[in-house]
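Working notes, structure below.
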Amino acid sequence: MKKLKIAVLAGDGIGPEVILQAQKALAAVALVFGHEFTFEDALIGAVAIERTGKPLPDQTLNLCKNTDSILFGAIGDPIYDNNPESKIRPEQGLLKLRKELGLYANIRPIKAYPKLMDASPIKKEILQGTDFVIYRELNGGMYFGEKHLNEAGTYASDLCEYNEDEIAKITHLAFKAAQERRKKVTLVDKANVLETSRLWRKVVQIIAKDYPDVTLEFLYVDNAAMQLILNPRQFDVLLTDNLFGDILSDEASVIAGSKGLMSSASVGEKYSLFEPIHGSYSEVKGKNCANPIASILSAAMLLEHFGLSIESKAIIEAVEKAIINQIVTIDLKVDSKIGTNEVGDYIANYILNKGDLYFK
Ligand code: IPM
Ligand code: MN
């Protein structure tokens with residue numbers, strides 16, 4: 001029996017409705033496998049600004065530091081997107097949380113599901129068998145370098161910074177992951193232009209010597225953006241910096257068929273956070289049509305992180321059954337009348353109904 005106290009930061013837009021489905025799946029797992037998962041809600045993002053004036057209230061940060069893990073929904077609101085001069089933004093909440101908790105590695109798996117080949121604009125022959133994972137550095141780079149805007153509002157800069165330690169930490173994780181997979185790491189950078197990229201290449205090459213069973217390859221980010229669409233099967237573990245990882249993981253979601261399928265884990269030495277990679281998609285908030293699978297698969301990643309591998313696989317199997325039986329939202333099936341809640345119920349019920357069979 002495992003006890004886990006989980007902070008639930010549902011956030012903005014469709015965050016609350018998709019996170020609720022992840023909680024249902026976790027509750028089903030707890031019941032079937034005899035674990036105790038408790039949830040505690042806290043504010044982050046635009047809702048937090050509205051109620052407390054801060055995108056990451058102290059209370060939320062404290063809760064996150066005193067729980068075993070965090071389930072995160074989505075962040076962002078068009079009100080702020082349309083007002084670039086706003087000094088305070090919902091996204092600052094997530095960025096501060098990643099930094100304060102030292103969540104330096106963001107892990108984003110990408111898989112082409114056989115049943116969903118038609119949901120992707122990429123040809124089947126190219127998609128088939130694609131299965132890789134992006135290791136995105138999450139605490140450094142241009143996201144966190146010094147920012148500047150001159151008084152006249154006519155000049156702006158964002159500094160891109162990395163030190164050896166920051167690169168080394170995520171590189172070790174990426175190589176360890178590759179050892180458990182197909183034993184290949186592709187470092188994606190822009191080393192023909194950027195000094196930070198050249199430092200990445202140097203550090204990664206040194207570390208690679210500790211993992212002689214893993215092949216290391218390099219790709220410039222512009223070429224990588226093309227290769228992801230031309231030949232995605234070539235990738236196993238794609239290692240990259242914060243900004244490139246953000247961009248490439250959205251691009252890679254086209255392989256899976258929808259951003260609504262893409263889960264992620266953000267991990268550090270002490271803390272962990274699990275979130276869908278999609279945003280708040282406020283336009284459809286409360287309409288019961290957002291795809292909850294990314295959140296549900298993020299919950300599966302949470303279980304795996306805590307060593308609950310069979311439980312994690314139970315969620316993944318239920319998701320695959322939902323996909324096979326076309327219990328999916330409109331992003332995956334144009335004429336689908338099935339909503340967020342129904343997908344969540346199907347997945348939770350599948351886990352509950354299978355019950356004892358997990359132990360056979
Ligand atoms: C993501 C998101 C965030 C990022 C935003 C919301 C700050 O796009 O998790 O990929 O850029 O990291
Ligand atoms: Mn992103």
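By convention in this document, the chains of the structure tokens carry letters A, B, ... by their order, each chain's residues are numbered from 1, and ligands are numbered from 1 in the order they are shown.
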May I ask you to write as a short mmCIF file (atom, residue, chain, number, x, y, z; two decimals) with N, CA and C atoms, in the first residue's frame all residues lying at most 8 Å from ligand 1, with only C-alpha atoms and all ligand atoms counted?
```cif
data_model
loop_
_atom_site.label_atom_id
_atom_site.label_comp_id
_atom_site.auth_asym_id
_atom_site.auth_seq_id
_atom_site.Cartn_x
_atom_site.Cartn_y
_atom_site.Cartn_z
N ALA A 74 -3.39 23.51 -16.60
CA ALA A 74 -2.96 24.38 -17.71
C ALA A 74 -2.88 25.82 -17.20
N ILE A 75 -2.17 26.63 -17.96
CA ILE A 75 -1.98 28.01 -17.52
C ILE A 75 -2.08 28.96 -18.71
N GLY A 76 -2.64 30.13 -18.47
CA GLY A 76 -2.71 31.15 -19.52
C GLY A 76 -4.14 31.61 -19.75
N GLU A 91 1.67 32.79 -16.77
CA GLU A 91 2.78 31.86 -17.03
C GLU A 91 3.90 32.00 -16.01
N GLN A 92 4.04 33.22 -15.44
CA GLN A 92 5.10 33.42 -14.43
C GLN A 92 4.92 32.44 -13.27
N LEU A 94 3.91 29.27 -13.37
CA LEU A 94 4.48 27.96 -13.70
C LEU A 94 6.01 28.04 -13.75
N LEU A 95 6.52 29.11 -14.34
CA LEU A 95 7.97 29.25 -14.46
C LEU A 95 8.61 29.34 -13.08
N LEU A 138 14.73 22.45 -18.18
CA LEU A 138 13.57 23.26 -17.79
C LEU A 138 13.89 24.41 -16.83
N ASN A 242 15.88 24.49 -23.10
CA ASN A 242 14.53 24.85 -22.69
C ASN A 242 13.66 25.36 -23.86
N LEU A 243 14.16 26.33 -24.60
CA LEU A 243 13.36 26.92 -25.67
C LEU A 243 13.17 25.96 -26.86
N ASP A 246 10.70 23.32 -25.94
CA ASP A 246 9.31 23.80 -25.94
C ASP A 246 8.75 23.74 -27.36
N ILE A 247 9.51 24.27 -28.29
CA ILE A 247 9.03 24.36 -29.68
C ILE A 247 8.92 22.96 -30.31
N SER A 249 8.60 20.05 -28.96
CA SER A 249 7.61 19.12 -28.42
C SER A 249 6.21 19.44 -28.94
N ASP A 250 5.91 20.71 -29.18
CA ASP A 250 4.63 21.02 -29.81
C ASP A 250 4.61 20.47 -31.24
N GLU A 275 2.17 17.15 -15.97
CA GLU A 275 1.23 18.04 -16.65
C GLU A 275 1.09 17.69 -18.13
N PRO A 276 -0.12 17.93 -18.66
CA PRO A 276 -0.28 17.81 -20.11
C PRO A 276 0.52 18.92 -20.78
N ILE A 277 1.00 18.71 -22.01
CA ILE A 277 1.79 19.79 -22.62
C ILE A 277 0.91 20.86 -23.25
N HIS A 278 -0.38 20.56 -23.41
CA HIS A 278 -1.24 21.57 -24.04
C HIS A 278 -1.49 22.73 -23.09
N GLY A 279 -2.00 23.79 -23.68
CA GLY A 279 -2.25 24.99 -22.89
C GLY A 279 -3.67 25.05 -22.35
#
```
(request) Taking the chain letters and numbering used in this document, name the residues of region 127-255 of chain A that DSSP puts in alpha helix (DSSP H), as a PyMOL selection string. (result) chain A and resi 127+164-179+195-208+221-230+242-255
(message) List as a count of residues only the protein and nucleic acid residues near Ser282 (chain A), meaning an atom at most 8 Å away when only C-alpha atoms are counted, but skip any in the same chain fewer than 3 places from it.
(response) 6
(request) Please measure the separation of CA of Val221 (chain A) and CA of Ser266 (chain A), giving the value in Å to one decimal. (result)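 Computing it gives 22.0 Å between the two atoms.
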(request) Skip region 310-322 of chain A itself and residues of its chain fewer than 4 positions away, then list as a ChimeraX atom specification all residues within 7 Å of it, counting only C-alpha atoms. (result) /A:25,29,297,300-301,303-304,326-328,347,350-351
Out of region 170-218 of chain A, which residues get strand (DSSP E or B) from DSSP, as a CSV table (one decimal) with N, CA and C atoms, in the first residue's frame?
```
chain,number,residue,atom,x,y,z
A,184,LYS,N,20.0,5.4,-27.9
A,184,LYS,CA,20.5,6.5,-28.7
A,184,LYS,C,20.0,7.8,-28.2
A,185,VAL,N,21.0,8.8,-28.1
A,185,VAL,CA,20.6,10.1,-27.7
A,185,VAL,C,21.0,11.1,-28.8
A,186,THR,N,20.0,11.9,-29.2
A,186,THR,CA,20.3,13.0,-30.2
A,186,THR,C,20.3,14.3,-29.5
A,187,LEU,N,21.4,15.0,-29.5
A,187,LEU,CA,21.4,16.3,-28.9
A,187,LEU,C,21.0,17.3,-30.0
A,188,VAL,N,20.0,18.1,-29.7
A,188,VAL,CA,19.6,19.1,-30.6
A,188,VAL,C,20.0,20.5,-30.2
A,189,ASP,N,20.7,21.2,-31.0
A,189,ASP,CA,21.2,22.5,-30.6
A,189,ASP,C,21.4,23.4,-31.9
A,215,THR,N,24.6,5.4,-28.2
A,215,THR,CA,25.1,6.2,-29.4
A,215,THR,C,24.7,7.7,-29.2
A,216,LEU,N,25.6,8.6,-29.5
A,216,LEU,CA,25.3,10.0,-29.4
A,216,LEU,C,25.3,10.6,-30.8
A,217,GLU,N,24.3,11.3,-31.1
A,217,GLU,CA,24.3,12.0,-32.4
A,217,GLU,C,23.9,13.5,-32.2
A,218,PHE,N,24.3,14.3,-33.1
A,218,PHE,CA,24.0,15.8,-33.0
A,218,PHE,C,23.1,16.2,-34.2
```
(request) To one decimal in Å, tell me the separation between CA of Thr171 (chain A) and CA of Leu127 (chain A). (result)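 Straight-line distance from CA of Thr171 (chain A) to CA of Leu127 (chain A) works out to 26.8 Å.
Counting only C-alpha atoms and all ligand atoms and comparing A:Gln234, A:Arg136, A:Val193, A:Leu273, the residue that lies closest to ligand 2 is A:Arg136.
Distances here use only C-alpha atoms; by that measure, the residue among A:Ala299, A:Ala208, A:Ile107, A:Ile229 closest to Phe37 (chain A) is A:Ala299.
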(message) List as a VMD selection string the protein and nucleic acid residues near region 159-167 of chain A, meaning an atom at most 12 Å away when only C-alpha atoms are counted, but skip any in the same chain fewer than 3 places from it.
(response) chain A and resid 102 to 105 135 to 149 156 170 to 174 187 194 to 207 239 to 244 268
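Among the candidates A:Ala27, A:Asp222, A:Asp236, A:Lys123, the one nearest to Arg182 (chain A) when counting only C-alpha atoms is A:Asp236.
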